[in-house]
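Colleague: Below is the structure I would like to discuss, written out as structure tokens.
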Amino acid sequence: MNDQPDNTPKKVTVNLPADQVEFLQGVAKKNNLSFTDALRRAINSEKFFVEQETNGRKILVEDGNERMREVIRR
């Protein structure tokens, strides 16, 4: 039995609202990425946030006045 994750690419089909598609297209264009790579980055960002929350960590952002605020996700 192999305990290693299967990193073989899988083809998936998703239905997204137009505004989310446009956002990802903009990210892709701005960063010279394919749409797939922009979507992959978005998924990896979500994975990071979920892992941090699962481990009891807080997610903080610093505003323009150098104040820290906690991000509350639902």
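Residue names in the structure tokens use chain letters A, B, ... in the order shown, residue numbers from 1 in each chain, and ligand numbers from 1 in the order shown.
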How would you write, as a tab-separated table (two decimals) with N, CA and C atoms, in the first residue's frame, the set of residues in chain A that DSSP gives as strand (DSSP E)?
Modeller:
chain	number	residue	atom	x	y	z
A	60	LEU	N	-3.98	36.75	10.26
A	60	LEU	CA	-3.95	38.19	10.53
A	60	LEU	C	-3.55	38.95	9.27
A	61	VAL	N	-4.10	40.15	9.15
A	61	VAL	CA	-3.68	41.06	8.08
A	61	VAL	C	-3.32	42.39	8.73
A	62	GLU	N	-2.35	43.04	8.14
A	62	GLU	CA	-1.94	44.35	8.63
A	62	GLU	C	-2.53	45.40	7.70
A	68	MET	N	-2.99	45.29	13.19
A	68	MET	CA	-3.27	43.91	12.85
A	68	MET	C	-4.74	43.62	13.09
A	69	ARG	N	-5.34	42.92	12.14
A	69	ARG	CA	-6.73	42.51	12.27
A	69	ARG	C	-6.82	41.02	11.96
A	70	GLU	N	-7.65	40.35	12.74
A	70	GLU	CA	-7.85	38.92	12.52
A	70	GLU	C	-8.88	38.71	11.41
Colleague: For Leu39 in chain A, list every protein, DNA or RNA residue within 12 Å, evaluated using only C-alpha atoms, and leave out those in the same chain fewer than 3 positions away; present the list as a PyMOL selection string.
Modeller: chain A and resi 12+14+16+20-28+33-36+42-46
Colleague: Can you tell me how far CA of Arg74 in chain A sits from CA of Ile59 in chain A, in Å to one decimal?
Modeller: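 CA of Ile59 in chain A lies 12.9 Å from CA of Arg74 in chain A.
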Colleague: Where in chain A does DSSP assign alpha helix (DSSP H), given as a PyMOL selection string?
Modeller: chain A and resi 18-30+35-54
Colleague: Emit the selected residues as a tab-separated table (two decimals), in the first residue's frame, including N, CA and C atoms.
Modeller:
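Final output, saved to part-v7.tsv:
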chain	number	residue	atom	x	y	z
A	18	ALA	N	-19.84	33.93	-13.28
A	18	ALA	CA	-19.07	34.74	-14.22
A	18	ALA	C	-18.06	35.64	-13.52
A	19	ASP	N	-18.44	36.23	-12.37
A	19	ASP	CA	-17.51	37.13	-11.69
A	19	ASP	C	-16.27	36.39	-11.19
A	20	GLN	N	-16.42	35.12	-10.78
A	20	GLN	CA	-15.26	34.36	-10.34
A	20	GLN	C	-14.36	33.98	-11.51
A	21	VAL	N	-14.96	33.66	-12.65
A	21	VAL	CA	-14.19	33.36	-13.85
A	21	VAL	C	-13.42	34.60	-14.28
A	22	GLU	N	-14.09	35.74	-14.30
A	22	GLU	CA	-13.43	36.99	-14.69
A	22	GLU	C	-12.29	37.34	-13.73
A	23	PHE	N	-12.51	37.11	-12.44
A	23	PHE	CA	-11.44	37.36	-11.47
A	23	PHE	C	-10.22	36.49	-11.77
A	24	LEU	N	-10.46	35.18	-11.96
A	24	LEU	CA	-9.35	34.28	-12.24
A	24	LEU	C	-8.66	34.61	-13.56
A	25	GLN	N	-9.43	35.01	-14.55
A	25	GLN	CA	-8.84	35.43	-15.83
A	25	GLN	C	-7.94	36.65	-15.62
A	26	GLY	N	-8.40	37.59	-14.79
A	26	GLY	CA	-7.60	38.78	-14.50
A	26	GLY	C	-6.32	38.43	-13.77
A	27	VAL	N	-6.41	37.53	-12.80
A	27	VAL	CA	-5.22	37.07	-12.07
A	27	VAL	C	-4.25	36.41	-13.04
A	28	ALA	N	-4.78	35.56	-13.89
A	28	ALA	CA	-3.93	34.86	-14.87
A	28	ALA	C	-3.21	35.85	-15.78
A	29	LYS	N	-3.96	36.82	-16.30
A	29	LYS	CA	-3.36	37.80	-17.22
A	29	LYS	C	-2.31	38.64	-16.51
A	30	LYS	N	-2.65	39.14	-15.31
A	30	LYS	CA	-1.74	40.00	-14.56
A	30	LYS	C	-0.43	39.29	-14.22
A	35	PHE	N	-5.05	29.97	-17.09
A	35	PHE	CA	-6.24	29.96	-16.22
A	35	PHE	C	-6.13	28.83	-15.21
A	36	THR	N	-5.65	27.67	-15.64
A	36	THR	CA	-5.49	26.52	-14.75
A	36	THR	C	-4.54	26.84	-13.61
A	37	ASP	N	-3.44	27.50	-13.91
A	37	ASP	CA	-2.49	27.86	-12.85
A	37	ASP	C	-3.09	28.87	-11.88
A	38	ALA	N	-3.87	29.82	-12.38
A	38	ALA	CA	-4.53	30.78	-11.50
A	38	ALA	C	-5.52	30.06	-10.58
A	39	LEU	N	-6.27	29.11	-11.13
A	39	LEU	CA	-7.21	28.33	-10.32
A	39	LEU	C	-6.46	27.48	-9.31
A	40	ARG	N	-5.36	26.88	-9.72
A	40	ARG	CA	-4.55	26.07	-8.81
A	40	ARG	C	-4.03	26.92	-7.65
A	41	ARG	N	-3.59	28.14	-7.94
A	41	ARG	CA	-3.13	29.03	-6.87
A	41	ARG	C	-4.26	29.36	-5.90
A	42	ALA	N	-5.44	29.60	-6.44
A	42	ALA	CA	-6.60	29.91	-5.58
A	42	ALA	C	-6.91	28.73	-4.66
A	43	ILE	N	-6.87	27.53	-5.20
A	43	ILE	CA	-7.13	26.34	-4.40
A	43	ILE	C	-6.04	26.16	-3.34
A	44	ASN	N	-4.79	26.37	-3.72
A	44	ASN	CA	-3.70	26.24	-2.75
A	44	ASN	C	-3.79	27.29	-1.64
A	45	SER	N	-4.27	28.48	-1.97
A	45	SER	CA	-4.47	29.51	-0.94
A	45	SER	C	-5.54	29.05	0.04
A	46	GLU	N	-6.64	28.54	-0.46
A	46	GLU	CA	-7.70	28.03	0.41
A	46	GLU	C	-7.19	26.89	1.26
A	47	LYS	N	-6.41	26.00	0.67
A	47	LYS	CA	-5.83	24.88	1.42
A	47	LYS	C	-4.97	25.40	2.57
A	48	PHE	N	-4.15	26.42	2.30
A	48	PHE	CA	-3.32	27.02	3.33
A	48	PHE	C	-4.17	27.55	4.49
A	49	PHE	N	-5.24	28.31	4.16
A	49	PHE	CA	-6.10	28.87	5.20
A	49	PHE	C	-6.76	27.77	6.02
A	50	VAL	N	-7.26	26.75	5.38
A	50	VAL	CA	-7.91	25.64	6.09
A	50	VAL	C	-6.91	24.95	7.01
A	51	GLU	N	-5.70	24.69	6.51
A	51	GLU	CA	-4.68	24.04	7.34
A	51	GLU	C	-4.33	24.89	8.56
A	52	GLN	N	-4.21	26.20	8.38
A	52	GLN	CA	-3.88	27.07	9.51
A	52	GLN	C	-4.99	27.04	10.55
A	53	GLU	N	-6.23	27.14	10.11
A	53	GLU	CA	-7.36	27.12	11.03
A	53	GLU	C	-7.48	25.77	11.73
A	54	THR	N	-7.24	24.70	10.99
A	54	THR	CA	-7.29	23.35	11.57
A	54	THR	C	-6.26	23.20	12.69
Colleague: For CA of Lys10 in chain A and CA of Asn32 in chain A, determine how far apart the two atoms are, in Å to one decimal place.
Modeller: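 Interatomic distance, CA of Lys10 in chain A to CA of Asn32 in chain A: 22.8 Å.
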